[in-house]
>>> print(open('structure_3.txt').read())   # compact mmCIF, C-alpha atoms and all ligand atoms
# COMPACT_ATOMS: atom_id res chain seq x y z
CA MET A 18 -13.96 -19.23 -1.42
CA ALA A 19 -14.65 -17.86 2.07
CA ASP A 20 -14.97 -21.38 3.53
CA GLN A 21 -11.82 -22.60 1.87
CA THR A 22 -9.96 -19.44 2.87
CA SER A 23 -10.78 -19.77 6.52
CA LYS A 24 -9.65 -23.41 6.51
CA THR A 25 -6.20 -22.60 5.18
CA GLY A 26 -3.50 -20.64 7.01
CA PHE A 27 -2.14 -17.34 5.63
CA ALA A 28 1.32 -18.77 4.87
CA THR A 29 -0.18 -21.76 3.06
CA ARG A 30 -2.33 -19.47 0.92
CA ALA A 31 0.69 -17.22 0.24
CA ILE A 32 2.67 -20.19 -1.06
CA HIS A 33 -0.01 -22.25 -2.80
CA GLY A 34 -3.09 -20.10 -3.28
CA LEU A 35 -6.32 -22.04 -2.85
CA GLU A 36 -6.28 -24.19 -5.93
CA HIS A 37 -3.22 -26.41 -5.42
CA ALA A 38 -3.46 -27.06 -9.18
CA ARG A 39 -0.75 -29.15 -10.85
CA GLN A 40 1.35 -26.82 -12.98
CA PRO A 41 2.23 -27.70 -16.60
CA GLU A 42 5.09 -30.26 -16.74
CA GLY A 43 4.76 -30.65 -12.97
CA ALA A 44 6.65 -27.38 -12.47
CA LEU A 45 6.72 -26.22 -8.84
CA ASN A 46 6.04 -22.61 -9.80
CA PRO A 47 3.53 -21.28 -12.33
CA PRO A 48 5.15 -20.88 -15.77
CA LEU A 49 6.19 -17.45 -16.98
CA TYR A 50 3.98 -16.77 -20.00
CA LEU A 51 5.99 -14.20 -21.95
CA SER A 52 3.34 -13.77 -24.59
CA SER A 53 1.58 -10.56 -25.55
CA THR A 54 -1.13 -12.37 -27.52
CA PHE A 55 -2.84 -15.77 -27.53
CA THR A 56 -3.96 -17.70 -30.60
CA PHE A 57 -7.42 -19.04 -31.41
CA ASP A 58 -8.08 -22.38 -33.13
CA ARG A 59 -11.02 -20.80 -34.88
CA VAL A 60 -12.19 -17.21 -35.42
CA GLU A 61 -15.47 -17.95 -33.63
CA GLU A 62 -13.51 -18.87 -30.47
CA GLY A 63 -11.81 -15.44 -30.45
CA ALA A 64 -15.10 -13.67 -31.08
CA ALA A 65 -16.68 -15.47 -28.12
CA MET A 66 -13.80 -14.44 -25.83
CA PHE A 67 -14.03 -10.81 -26.93
CA ALA A 68 -17.76 -10.92 -26.25
CA GLY A 69 -17.08 -12.27 -22.75
CA GLU A 70 -19.03 -15.44 -23.57
CA ARG A 71 -16.09 -17.78 -23.22
CA PRO A 72 -13.20 -17.72 -20.68
CA GLY A 73 -9.59 -17.61 -21.80
CA HIS A 74 -6.71 -15.29 -22.53
CA PHE A 75 -6.47 -13.36 -25.78
CA TYR A 76 -4.23 -10.33 -25.09
CA SER A 77 -1.97 -9.59 -22.10
CA ARG A 78 -3.32 -6.08 -21.54
CA VAL A 79 -6.54 -7.83 -20.53
CA SER A 80 -5.25 -11.00 -18.89
CA ASN A 81 -2.26 -13.35 -18.85
CA PRO A 82 -1.96 -16.77 -17.15
CA THR A 83 1.03 -15.75 -14.99
CA LEU A 84 -0.84 -12.67 -13.77
CA SER A 85 -3.92 -14.82 -13.19
CA ALA A 86 -1.89 -17.09 -10.91
CA LEU A 87 -0.81 -14.09 -8.80
CA GLU A 88 -4.33 -12.65 -8.83
CA GLU A 89 -5.74 -15.90 -7.51
CA ARG A 90 -3.16 -16.04 -4.70
CA PHE A 91 -3.54 -12.40 -3.76
CA ALA A 92 -7.35 -12.61 -3.63
CA ALA A 93 -6.93 -15.54 -1.23
CA LEU A 94 -4.71 -13.37 1.01
CA GLU A 95 -7.07 -10.37 1.08
CA GLU A 96 -9.99 -12.86 1.35
CA ALA A 97 -11.52 -11.10 -1.63
CA GLU A 98 -13.56 -12.60 -4.45
CA SER A 99 -11.05 -11.32 -6.96
CA SER A 100 -7.87 -9.31 -7.43
CA LEU A 101 -6.04 -7.51 -10.21
CA CYS A 102 -2.39 -6.77 -11.08
CA PHE A 103 -1.07 -3.38 -12.26
CA ALA A 104 2.20 -1.89 -13.47
CA SER A 105 2.60 0.17 -10.28
CA GLY A 106 0.76 1.27 -7.17
CA MET A 107 -0.16 4.48 -8.99
CA GLY A 108 -1.38 2.31 -11.88
CA ALA A 109 -3.70 0.48 -9.47
CA ILE A 110 -4.99 3.67 -7.84
CA THR A 111 -5.58 5.57 -11.10
CA SER A 112 -7.17 2.58 -12.86
CA VAL A 113 -9.63 2.12 -10.00
CA PHE A 114 -10.51 5.83 -9.79
CA TRP A 115 -11.00 6.26 -13.56
CA THR A 116 -13.31 3.22 -13.56
CA PHE A 117 -15.77 4.47 -10.98
CA LEU A 118 -15.84 8.26 -11.53
CA SER A 119 -17.53 10.66 -13.93
CA ALA A 120 -17.57 14.45 -14.14
CA GLY A 121 -19.79 15.87 -11.38
CA ASP A 122 -18.93 13.12 -8.88
CA GLU A 123 -17.26 13.78 -5.56
CA VAL A 124 -14.38 11.99 -3.85
CA ILE A 125 -13.82 12.29 -0.11
CA ALA A 126 -10.17 11.68 0.70
CA ASP A 127 -8.19 11.76 3.91
CA LYS A 128 -5.84 14.69 4.48
CA THR A 129 -2.67 12.63 4.62
CA LEU A 130 -1.91 10.63 1.48
CA TYR A 131 1.20 9.48 -0.36
CA GLY A 132 2.39 12.53 -2.35
CA CYS A 133 1.66 11.20 -5.86
CA THR A 134 -1.83 10.03 -4.80
CA PHE A 135 -2.46 13.55 -3.47
CA ALA A 136 -1.15 15.00 -6.75
CA PHE A 137 -3.41 12.68 -8.79
CA LEU A 138 -6.52 13.59 -6.80
CA HIS A 139 -5.81 17.23 -6.15
CA HIS A 140 -4.09 18.33 -9.34
CA GLY A 141 -5.19 15.56 -11.73
CA LEU A 142 -8.76 14.31 -11.18
CA SER A 143 -10.03 17.75 -10.20
CA ARG A 144 -9.19 19.00 -13.74
CA PHE A 145 -11.82 16.58 -15.09
CA GLY A 146 -14.87 17.82 -13.21
CA VAL A 147 -14.47 15.58 -10.16
CA LYS A 148 -14.60 17.41 -6.85
CA VAL A 149 -12.06 16.19 -4.31
CA ILE A 150 -12.75 17.03 -0.66
CA HIS A 151 -10.05 16.36 1.93
CA VAL A 152 -11.18 15.72 5.47
CA ASP A 153 -9.48 14.50 8.61
CA MET A 154 -10.68 10.89 8.57
CA THR A 155 -9.48 10.19 12.09
CA ASP A 156 -12.82 11.82 12.93
CA PRO A 157 -15.68 9.75 11.39
CA ALA A 158 -18.14 12.60 12.12
CA ALA A 159 -16.10 14.86 9.81
CA VAL A 160 -16.55 12.29 7.02
CA ALA A 161 -20.30 11.99 7.66
CA ALA A 162 -20.58 15.79 7.50
CA VAL A 163 -19.23 16.06 3.94
CA LEU A 164 -20.77 12.92 2.38
CA SER A 165 -23.55 13.47 -0.13
CA GLU A 166 -25.35 11.55 -2.85
CA LYS A 167 -22.62 12.85 -5.19
CA THR A 168 -19.92 11.01 -3.22
CA LYS A 169 -18.77 8.00 -5.20
CA ILE A 170 -15.47 7.17 -3.49
CA VAL A 171 -14.18 7.49 0.07
CA TYR A 172 -10.41 7.04 0.04
CA PHE A 173 -7.68 6.75 2.66
CA GLU A 174 -4.47 5.07 3.73
CA SER A 175 -4.13 3.42 7.13
CA PRO A 176 -1.48 3.87 8.43
CA ALA A 177 -1.11 7.04 6.37
CA ASN A 178 2.10 7.81 4.55
CA PRO A 179 4.14 9.47 6.07
CA ASN A 180 2.77 10.47 9.50
CA MET A 181 1.27 7.07 10.52
CA ARG A 182 -2.22 8.34 11.39
CA LEU A 183 -4.77 5.51 11.40
CA VAL A 184 -8.31 5.59 10.05
CA ASP A 185 -11.04 3.39 11.55
CA ILE A 186 -11.81 1.24 8.50
CA ALA A 187 -15.02 -0.31 9.89
CA ALA A 188 -16.47 3.05 11.01
CA ILE A 189 -15.72 4.90 7.76
CA SER A 190 -16.89 1.99 5.56
CA THR A 191 -20.26 1.94 7.34
CA ILE A 192 -20.74 5.68 6.90
CA ALA A 193 -19.78 5.53 3.20
CA ARG A 194 -22.07 2.55 2.51
CA ASN A 195 -25.04 4.53 3.81
CA VAL A 196 -24.78 6.90 0.84
CA GLY A 197 -23.78 4.19 -1.66
CA ALA A 198 -20.14 5.34 -1.90
CA LYS A 199 -17.28 2.84 -2.31
CA THR A 200 -14.66 2.76 0.41
CA ILE A 201 -11.21 2.26 -1.07
CA VAL A 202 -8.29 1.67 1.30
CA ASP A 203 -4.61 1.87 0.42
CA ASN A 204 -3.30 -1.12 2.37
CA THR A 205 0.34 -0.76 1.24
CA TYR A 206 1.82 -0.18 4.72
CA CYS A 207 0.14 -3.29 6.15
CA THR A 208 -0.24 -5.92 3.42
CA PRO A 209 -3.11 -8.39 3.94
CA TYR A 210 -1.01 -10.14 6.59
CA LEU A 211 -1.37 -7.22 9.00
CA GLN A 212 -4.74 -5.82 7.96
CA GLN A 213 -7.65 -6.93 5.76
CA PRO A 214 -9.72 -3.86 4.82
CA LEU A 215 -12.42 -5.90 3.02
CA LYS A 216 -13.11 -7.95 6.13
CA LEU A 217 -13.57 -4.65 7.99
CA GLY A 218 -16.17 -3.49 5.47
CA ALA A 219 -14.19 -1.69 2.74
CA ASP A 220 -15.02 -2.37 -0.92
CA ILE A 221 -11.56 -2.30 -2.49
CA ALA A 222 -8.01 -2.57 -1.16
CA VAL A 223 -5.23 -1.09 -3.30
CA HIS A 224 -1.51 -1.68 -2.86
CA SER A 225 1.82 -0.57 -4.07
CA ALA A 226 3.24 -4.09 -4.54
CA THR A 227 6.60 -2.35 -5.05
CA LYS A 228 6.85 -2.37 -1.26
CA TYR A 229 6.34 -5.32 1.13
CA LEU A 230 4.56 -7.62 -1.36
CA GLY A 231 7.58 -7.70 -3.67
CA GLY A 232 9.72 -7.07 -0.62
CA HIS A 233 13.19 -6.88 -2.16
CA GLY A 234 13.35 -3.48 -3.85
CA ASP A 235 13.68 -4.95 -7.31
CA LEU A 236 10.33 -4.20 -8.97
CA ILE A 237 7.54 -1.65 -9.43
CA ALA A 238 3.99 -3.05 -9.24
CA GLY A 239 0.46 -2.60 -7.91
CA MET A 240 -2.47 -4.78 -6.83
CA ALA A 241 -6.15 -4.28 -6.06
CA ALA A 242 -8.63 -6.66 -4.45
CA GLY A 243 -12.41 -6.53 -4.20
CA SER A 244 -15.62 -8.09 -5.46
CA ALA A 245 -15.56 -10.06 -8.72
CA ASP A 246 -17.85 -7.46 -10.31
CA ASP A 247 -15.72 -4.47 -9.27
CA MET A 248 -12.48 -6.13 -10.34
CA MET A 249 -13.97 -7.12 -13.71
CA GLN A 250 -15.14 -3.56 -14.28
CA VAL A 251 -11.68 -2.17 -13.41
CA ARG A 252 -10.06 -4.77 -15.69
CA VAL A 253 -12.15 -4.03 -18.76
CA GLU A 254 -12.54 -0.26 -18.30
CA GLY A 255 -9.88 1.40 -16.12
CA LEU A 256 -7.02 -0.98 -16.84
CA LYS A 257 -7.71 -2.07 -20.43
CA ASP A 258 -8.99 1.19 -21.92
CA MET A 259 -7.96 4.05 -19.65
CA THR A 260 -4.53 3.50 -18.11
CA GLY A 261 -3.13 0.35 -19.75
CA ALA A 262 -1.05 0.07 -16.57
CA VAL A 263 -0.42 -3.67 -16.98
CA MET A 264 2.02 -5.67 -14.88
CA THR A 265 4.61 -7.70 -16.78
CA PRO A 266 4.53 -11.50 -16.30
CA LEU A 267 8.11 -11.47 -14.96
CA THR A 268 7.06 -9.01 -12.25
CA ALA A 269 4.08 -11.21 -11.33
CA HIS A 270 6.47 -14.13 -10.97
CA GLN A 271 8.79 -12.11 -8.71
CA ILE A 272 5.84 -11.05 -6.54
CA MET A 273 4.71 -14.68 -6.16
CA ARG A 274 8.22 -15.42 -4.89
CA GLY A 275 7.94 -12.46 -2.51
CA LEU A 276 4.57 -13.65 -1.19
CA LYS A 277 6.03 -17.00 -0.14
CA THR A 278 7.94 -15.24 2.68
CA LEU A 279 5.54 -12.34 3.29
CA ASP A 280 4.44 -13.37 6.79
CA LEU A 281 7.99 -14.19 7.90
CA ARG A 282 9.28 -10.88 6.61
CA MET A 283 6.41 -8.90 8.14
CA ASP A 284 6.94 -10.56 11.52
CA ARG A 285 10.61 -9.47 11.44
CA HIS A 286 9.78 -5.96 10.18
CA CYS A 287 7.27 -5.56 13.03
CA ALA A 288 9.52 -6.96 15.79
CA SER A 289 12.48 -4.83 14.73
CA ALA A 290 10.37 -1.68 14.23
CA GLN A 291 8.90 -2.11 17.73
CA GLU A 292 12.39 -2.34 19.22
CA ILE A 293 13.72 0.61 17.20
CA ALA A 294 10.66 2.76 17.97
CA GLU A 295 11.04 2.13 21.72
CA ARG A 296 14.76 2.94 21.63
CA LEU A 297 14.15 6.10 19.59
CA GLU A 298 11.43 7.24 21.97
CA ALA A 299 13.82 6.93 24.91
CA HIS A 300 16.61 8.90 23.17
CA PRO A 301 17.10 12.47 24.44
CA LEU A 302 17.56 13.92 20.94
CA VAL A 303 14.30 12.47 19.64
CA LYS A 304 11.30 14.77 20.05
CA SER A 305 8.51 12.42 18.95
CA VAL A 306 8.02 8.94 17.51
CA SER A 307 4.86 7.86 15.69
CA TYR A 308 4.58 4.09 15.69
CA PRO A 309 1.30 2.21 16.27
CA GLY A 310 3.01 -0.25 18.62
CA LEU A 311 3.97 2.43 21.17
CA LYS A 312 1.68 3.00 24.13
CA SER A 313 2.18 6.74 23.55
CA PHE A 314 0.67 6.41 20.04
CA ALA A 315 -2.61 8.36 20.02
CA GLN A 316 -4.50 5.56 18.25
CA PHE A 317 -2.86 2.63 20.05
CA ALA A 318 -6.26 1.02 20.80
CA LEU A 319 -7.43 1.30 17.16
CA ALA A 320 -4.13 -0.22 15.99
CA LYS A 321 -4.70 -3.21 18.27
CA ARG A 322 -8.24 -3.57 16.95
CA GLN A 323 -7.66 -3.44 13.22
CA MET A 324 -4.04 -4.48 12.70
CA ARG A 325 -2.48 -7.86 13.52
CA ALA A 326 0.78 -6.03 14.40
CA PRO A 327 2.02 -2.43 14.08
CA GLY A 328 4.09 -2.77 10.89
CA GLY A 329 7.60 -1.75 9.89
CA MET A 330 7.25 2.01 9.35
CA ILE A 331 8.23 4.71 11.84
CA ALA A 332 7.83 8.51 11.62
CA LEU A 333 9.98 10.63 13.90
CA GLU A 334 11.02 14.16 14.67
CA LEU A 335 14.25 15.24 16.30
CA ASN A 336 14.91 17.89 18.90
CA THR A 337 16.87 19.80 16.27
CA ASP A 338 16.13 22.06 13.34
CA ILE A 339 15.75 20.55 9.88
CA GLY A 340 19.50 20.98 9.32
CA GLY A 341 20.11 18.68 12.26
CA ALA A 342 17.70 16.09 10.83
CA MET A 343 19.55 16.19 7.49
CA HIS A 344 22.87 15.88 9.31
CA MET A 345 21.65 12.80 11.20
CA MET A 346 20.37 11.12 8.01
CA ASN A 347 23.63 11.89 6.20
CA ALA A 348 25.61 10.30 9.03
CA LEU A 349 23.91 6.90 8.63
CA THR A 350 26.04 4.17 7.08
CA LEU A 351 23.86 1.01 7.15
CA ILE A 352 20.44 2.59 6.62
CA LYS A 353 20.12 3.84 3.05
CA ARG A 354 18.87 7.31 2.15
CA ALA A 355 16.14 6.45 -0.37
CA VAL A 356 12.42 6.73 -0.98
CA SER A 357 10.23 3.61 -1.17
CA LEU A 358 9.69 1.25 1.74
CA GLY A 359 9.06 -2.34 2.74
CA ASP A 360 12.37 -3.66 1.43
CA ALA A 361 14.82 -6.01 3.11
CA ASP A 362 17.13 -2.97 3.31
CA SER A 363 16.30 -0.26 5.87
CA LEU A 364 15.49 3.02 4.11
CA ILE A 365 15.20 6.56 5.43
CA GLN A 366 13.88 9.68 3.73
CA HIS A 367 12.62 13.23 4.27
CA PRO A 368 8.94 13.34 3.13
CA ALA A 369 8.66 17.15 2.85
CA SER A 370 11.39 17.33 0.21
CA MET A 371 10.90 13.87 -1.34
CA THR A 372 7.75 11.68 -1.31
CA HIS A 373 5.45 14.55 -0.30
CA ALA A 374 7.03 17.35 -2.31
CA ALA A 375 3.84 17.46 -4.45
CA TYR A 376 2.12 19.16 -1.49
CA SER A 377 2.90 22.88 -1.19
CA LYS A 378 4.44 24.00 2.10
CA GLU A 379 1.04 25.39 3.12
CA GLU A 380 -0.76 22.16 2.13
CA ARG A 381 1.71 20.09 4.13
CA ALA A 382 1.07 22.26 7.18
CA GLU A 383 -2.70 22.03 6.66
CA HIS A 384 -2.60 18.26 6.04
CA GLY A 385 -0.51 17.35 9.09
CA ILE A 386 2.79 16.61 7.32
CA SER A 387 5.51 18.28 9.33
CA ASP A 388 8.51 19.61 7.40
CA SER A 389 10.81 18.17 10.05
CA LEU A 390 9.36 14.65 9.85
CA ILE A 391 11.76 11.79 9.07
CA ARG A 392 10.40 8.48 7.73
CA LEU A 393 12.16 5.22 8.49
CA SER A 394 11.35 1.91 6.83
CA VAL A 395 12.80 -0.69 9.18
CA GLY A 396 14.37 -3.47 7.12
CA LEU A 397 15.29 -7.07 7.79
CA GLU A 398 18.86 -6.50 8.96
CA SER A 399 19.67 -7.44 12.58
CA ALA A 400 17.78 -4.94 14.74
CA ARG A 401 20.86 -4.27 16.86
CA ASP A 402 22.77 -3.13 13.76
CA ILE A 403 19.92 -0.85 12.67
CA TRP A 404 19.87 0.68 16.15
CA ALA A 405 23.68 0.99 16.29
CA ASP A 406 23.58 2.97 13.03
CA LEU A 407 20.83 5.29 14.32
CA GLU A 408 22.48 5.75 17.72
CA SER A 409 25.80 6.60 16.17
CA ALA A 410 24.19 9.06 13.70
CA LEU A 411 22.24 10.68 16.56
CA GLY A 412 25.53 10.84 18.47
CA THR A 413 27.01 13.12 15.82
CA LEU A 414 24.27 15.65 16.69
CA LYS A 415 25.19 15.98 20.32
CA ALA A 416 27.89 18.49 19.48
CA THR A 417 25.42 20.65 17.55
CA SER A 418 22.26 20.43 19.67
CA THR A 419 21.56 20.35 23.36
CA ALA A 420 17.81 20.94 23.08
CA PRO A 421 15.97 19.14 25.89
CA LYS A 422 13.46 16.37 25.15
CA ALA A 423 9.95 17.71 24.76
CA ALA A 424 7.63 16.82 27.63
C1 LIG A 501 7.16 6.13 -1.00
N1 LIG A 501 5.27 5.23 -2.13
O1 LIG A 501 6.37 6.47 -0.09
P1 LIG A 501 4.14 2.90 -6.78
N2 LIG A 501 0.46 4.02 -2.10
C2 LIG A 501 1.32 4.25 -1.10
C3 LIG A 501 2.67 4.48 -1.37
O2 LIG A 501 3.50 4.68 -0.36
C4 LIG A 501 3.10 4.51 -2.72
C5 LIG A 501 2.16 4.30 -3.74
C6 LIG A 501 0.85 4.04 -3.40
C7 LIG A 501 6.58 5.66 -2.26
C8 LIG A 501 7.23 5.67 -3.45
C9 LIG A 501 8.44 6.46 -3.77
C10 LIG A 501 0.83 4.24 0.32
C11 LIG A 501 4.48 4.82 -3.04
C12 LIG A 501 2.54 4.31 -5.19
O3 LIG A 501 5.39 3.64 -6.42
O4 LIG A 501 3.44 3.48 -7.96
O5 LIG A 501 4.31 1.41 -6.85
O6 LIG A 501 3.13 3.09 -5.51
O7 LIG A 501 8.38 6.15 -0.83
>>> encode(input="structure_3.txt", output="structure tokens")
Amino acid sequence: MADQTSKTGFATRAIHGLEHARQPEGALNPPLYLSSTFTFDRVEEGAAMFAGERPGHFYSRVSNPTLSALEERFAALEEAESSLCFASGMGAITSVFWTFLSAGDEVIADKTLYGCTFAFLHHGLSRFGVKVIHVDMTDPAAVAAVLSEKTKIVYFESPANPNMRLVDIAAISTIARNVGAKTIVDNTYCTPYLQQPLKLGADIAVHSATKYLGGHGDLIAGMAAGSADDMMQVRVEGLKDMTGAVMTPLTAHQIMRGLKTLDLRMDRHCASAQEIAERLEAHPLVKSVSYPGLKSFAQFALAKRQMRAPGGMIALELNTDIGGAMHMMNALTLIKRAVSLGDADSLIQHPASMTHAAYSKEERAEHGISDSLIRLSVGLESARDIWADLESALGTLKATSTAPKAA
């Protein structure tokens, strides 16, 4: 697979996968197999499939041909041996964690995580005898200091939701491998077009496919990619028996449509986000902008090293109190006030009261999630219209705030 993958461009793999197989009836797209179960010609055939001695589909909680088509394409994009579909990003994350953990094990997780992932680790897994230790993974030495032979999983997002901190995937993967722990990276913000965690040494990449992979705000889904052995274990343990978080065939079909334009969409998201981030940074009412494409970004060099481009997400703070930030968001007319990200539509939200409300106020402070942070998902509209909306909403603040720009 590696040889074939390197011979074929990303866009070609996103549209065709690696197989270029003729579809039934010569259909351009893989058929939608709306079938929960699959019949056997003979009982012995079914028994052999259940025993894993014969390939084939027998029940759609385990596998389905439409999902297999997406899995094959997605593995080709992450340059992984294998990949797996899930009902949601949380379905992917929880299925993977339940597969590889037992009571007494330890998980080392970054401090900044999507709110529901934090809730799962901190309030969920820890009820089942798994110790979860949060460290600041921007410092690899801090990770090395807490690793032990009990560590089974090292987990982080890069960029992290919502404050955009990056984690050095190669450095952390090397440290984790030394104690036999799996490095699992949430690659949602980047997609395999912008960043390939497995090529940097990670074991598994997980995604909320609800975001850029689907790309149009019309589905909830998750993906994971990794070795054939790991993905098989997640399929037959975490997914089949523990979460049952199975993607529907229709959703897999929609994601395959989304993948066909993934690189084009990501290029536009990145170009527009760069322009918007630069304009925001120059605005007198904006206190700070976190965007990996800005020279002022603390990890600008790491972003250049591990990401193809800086992505479509921006975190910012205004030179106002939180009331002013709410006022600005409420004044927007094109950009929608909504959680989620990676859609064609630009979306804005307030992490402290929305996506990261599962953290207590004290935890947010401790984990680097400012209560005044605003998160912007830059969409595919014309960048000048996105900026005009932001500039006009910021303009409504001038009457209420004259705070000078922070040095
Ligand atoms: C949001 N995020 O931030 P499902 N990993 C990351 C995410 O951002 C998310 C998930 C996993 C948001 C949802 C409301 C980095 C979700 C979970 O929502 O289960 O597909 O993905 O706005």
>>> residues_around(input="structure_3.txt", residues="segment 246-250 of chain A", least_positions_apart="3", cutoff="10 Å", atoms="all atoms listed in the file", output="PyMOL selection string")
chain A and resi 98-101+113+116-117+220-221+241-243+253-257
>>> residues_near_ligand(input="structure_3.txt", ligand="ligand LIG 501 (chain A)", cutoff="10 Å", atoms="all atoms listed in the file", output="PDB file with C-alpha atoms, keeping the file's coordinate frame")
ATOM      1  CA  PHE A 103      -1.070  -3.380 -12.260  1.00  0.00           C
ATOM      2  CA  ALA A 104       2.200  -1.890 -13.470  1.00  0.00           C
ATOM      3  CA  SER A 105       2.600   0.170 -10.280  1.00  0.00           C
ATOM      4  CA  GLY A 106       0.760   1.270  -7.170  1.00  0.00           C
ATOM      5  CA  MET A 107      -0.160   4.480  -8.990  1.00  0.00           C
ATOM      6  CA  GLY A 108      -1.380   2.310 -11.880  1.00  0.00           C
ATOM      7  CA  ALA A 109      -3.700   0.480  -9.470  1.00  0.00           C
ATOM      8  CA  ILE A 110      -4.990   3.670  -7.840  1.00  0.00           C
ATOM      9  CA  THR A 111      -5.580   5.570 -11.100  1.00  0.00           C
ATOM     10  CA  LEU A 130      -1.910  10.630   1.480  1.00  0.00           C
ATOM     11  CA  TYR A 131       1.200   9.480  -0.360  1.00  0.00           C
ATOM     12  CA  GLY A 132       2.390  12.530  -2.350  1.00  0.00           C
ATOM     13  CA  CYS A 133       1.660  11.200  -5.860  1.00  0.00           C
ATOM     14  CA  THR A 134      -1.830  10.030  -4.800  1.00  0.00           C
ATOM     15  CA  PHE A 173      -7.680   6.750   2.660  1.00  0.00           C
ATOM     16  CA  GLU A 174      -4.470   5.070   3.730  1.00  0.00           C
ATOM     17  CA  SER A 175      -4.130   3.420   7.130  1.00  0.00           C
ATOM     18  CA  PRO A 176      -1.480   3.870   8.430  1.00  0.00           C
ATOM     19  CA  ALA A 177      -1.110   7.040   6.370  1.00  0.00           C
ATOM     20  CA  ASN A 178       2.100   7.810   4.550  1.00  0.00           C
ATOM     21  CA  PRO A 179       4.140   9.470   6.070  1.00  0.00           C
ATOM     22  CA  VAL A 202      -8.290   1.670   1.300  1.00  0.00           C
ATOM     23  CA  ASP A 203      -4.610   1.870   0.420  1.00  0.00           C
ATOM     24  CA  ASN A 204      -3.300  -1.120   2.370  1.00  0.00           C
ATOM     25  CA  THR A 205       0.340  -0.760   1.240  1.00  0.00           C
ATOM     26  CA  TYR A 206       1.820  -0.180   4.720  1.00  0.00           C
ATOM     27  CA  CYS A 207       0.140  -3.290   6.150  1.00  0.00           C
ATOM     28  CA  VAL A 223      -5.230  -1.090  -3.300  1.00  0.00           C
ATOM     29  CA  HIS A 224      -1.510  -1.680  -2.860  1.00  0.00           C
ATOM     30  CA  SER A 225       1.820  -0.570  -4.070  1.00  0.00           C
ATOM     31  CA  ALA A 226       3.240  -4.090  -4.540  1.00  0.00           C
ATOM     32  CA  THR A 227       6.600  -2.350  -5.050  1.00  0.00           C
ATOM     33  CA  LYS A 228       6.850  -2.370  -1.260  1.00  0.00           C
ATOM     34  CA  LEU A 236      10.330  -4.200  -8.970  1.00  0.00           C
ATOM     35  CA  ILE A 237       7.540  -1.650  -9.430  1.00  0.00           C
ATOM     36  CA  ALA A 238       3.990  -3.050  -9.240  1.00  0.00           C
ATOM     37  CA  GLY A 239       0.460  -2.600  -7.910  1.00  0.00           C
ATOM     38  CA  MET A 240      -2.470  -4.780  -6.830  1.00  0.00           C
ATOM     39  CA  ALA A 355      16.140   6.450  -0.370  1.00  0.00           C
ATOM     40  CA  VAL A 356      12.420   6.730  -0.980  1.00  0.00           C
ATOM     41  CA  SER A 357      10.230   3.610  -1.170  1.00  0.00           C
ATOM     42  CA  LEU A 358       9.690   1.250   1.740  1.00  0.00           C
ATOM     43  CA  GLY A 359       9.060  -2.340   2.740  1.00  0.00           C
ATOM     44  CA  LEU A 364      15.490   3.020   4.110  1.00  0.00           C
ATOM     45  CA  ILE A 365      15.200   6.560   5.430  1.00  0.00           C
ATOM     46  CA  GLN A 366      13.880   9.680   3.730  1.00  0.00           C
ATOM     47  CA  HIS A 367      12.620  13.230   4.270  1.00  0.00           C
ATOM     48  CA  PRO A 368       8.940  13.340   3.130  1.00  0.00           C
ATOM     49  CA  MET A 371      10.900  13.870  -1.340  1.00  0.00           C
ATOM     50  CA  THR A 372       7.750  11.680  -1.310  1.00  0.00           C
ATOM     51  CA  HIS A 373       5.450  14.550  -0.300  1.00  0.00           C
ATOM     52  CA  ARG A 392      10.400   8.480   7.730  1.00  0.00           C
ATOM     53  CA  SER A 394      11.350   1.910   6.830  1.00  0.00           C
TER      54      SER A 394
END
>>> closest_residue(input="structure_3.txt", among="A:Glu62, A:Lys128, A:Ser165, A:Ala92", to="Gln213 of chain A", atoms="only C-alpha atoms")
A:Ala92
>>> closest_residue(input="structure_3.txt", among="A:Ala97, A:Leu414, A:Ala290, A:Leu118", to="Lys216 of chain A", atoms="only C-alpha atoms")
A:Ala97
>>> residues_around(input="structure_3.txt", residues="Arg78 of chain A", least_positions_apart="3", cutoff="10 Å", atoms="all atoms listed in the file", output="compact mmCIF listing (two decimals) with C-alpha atoms, in the coordinates of the input")
# COMPACT_ATOMS: atom_id res chain seq x y z
CA SER A 53 1.58 -10.56 -25.55
CA THR A 54 -1.13 -12.37 -27.52
CA HIS A 74 -6.71 -15.29 -22.53
CA PHE A 75 -6.47 -13.36 -25.78
CA ASN A 81 -2.26 -13.35 -18.85
CA PHE A 103 -1.07 -3.38 -12.26
CA ARG A 252 -10.06 -4.77 -15.69
CA VAL A 253 -12.15 -4.03 -18.76
CA LEU A 256 -7.02 -0.98 -16.84
CA LYS A 257 -7.71 -2.07 -20.43
CA ASP A 258 -8.99 1.19 -21.92
CA GLY A 261 -3.13 0.35 -19.75
CA ALA A 262 -1.05 0.07 -16.57
CA VAL A 263 -0.42 -3.67 -16.98
CA MET A 264 2.02 -5.67 -14.88
CA THR A 265 4.61 -7.70 -16.78
>>> decode(input="structure_3.txt", residues="segment 304-314 of chain A", atoms="C-alpha atoms", output="CSV table (one decimal), in the first residue's frame")
chain,number,residue,atom,x,y,z
A,304,LYS,CA,-6.4,41.7,21.9
A,305,SER,CA,-4.9,38.4,20.6
A,306,VAL,CA,-5.3,36.0,17.6
A,307,SER,CA,-4.1,32.4,17.8
A,308,TYR,CA,-3.6,31.0,14.3
A,309,PRO,CA,-0.7,28.8,13.3
A,310,GLY,CA,-0.1,30.8,10.1
A,311,LEU,CA,0.7,34.0,11.9
A,312,LYS,CA,4.3,34.9,12.5
A,313,SER,CA,3.3,35.9,16.1
A,314,PHE,CA,2.0,32.4,16.8
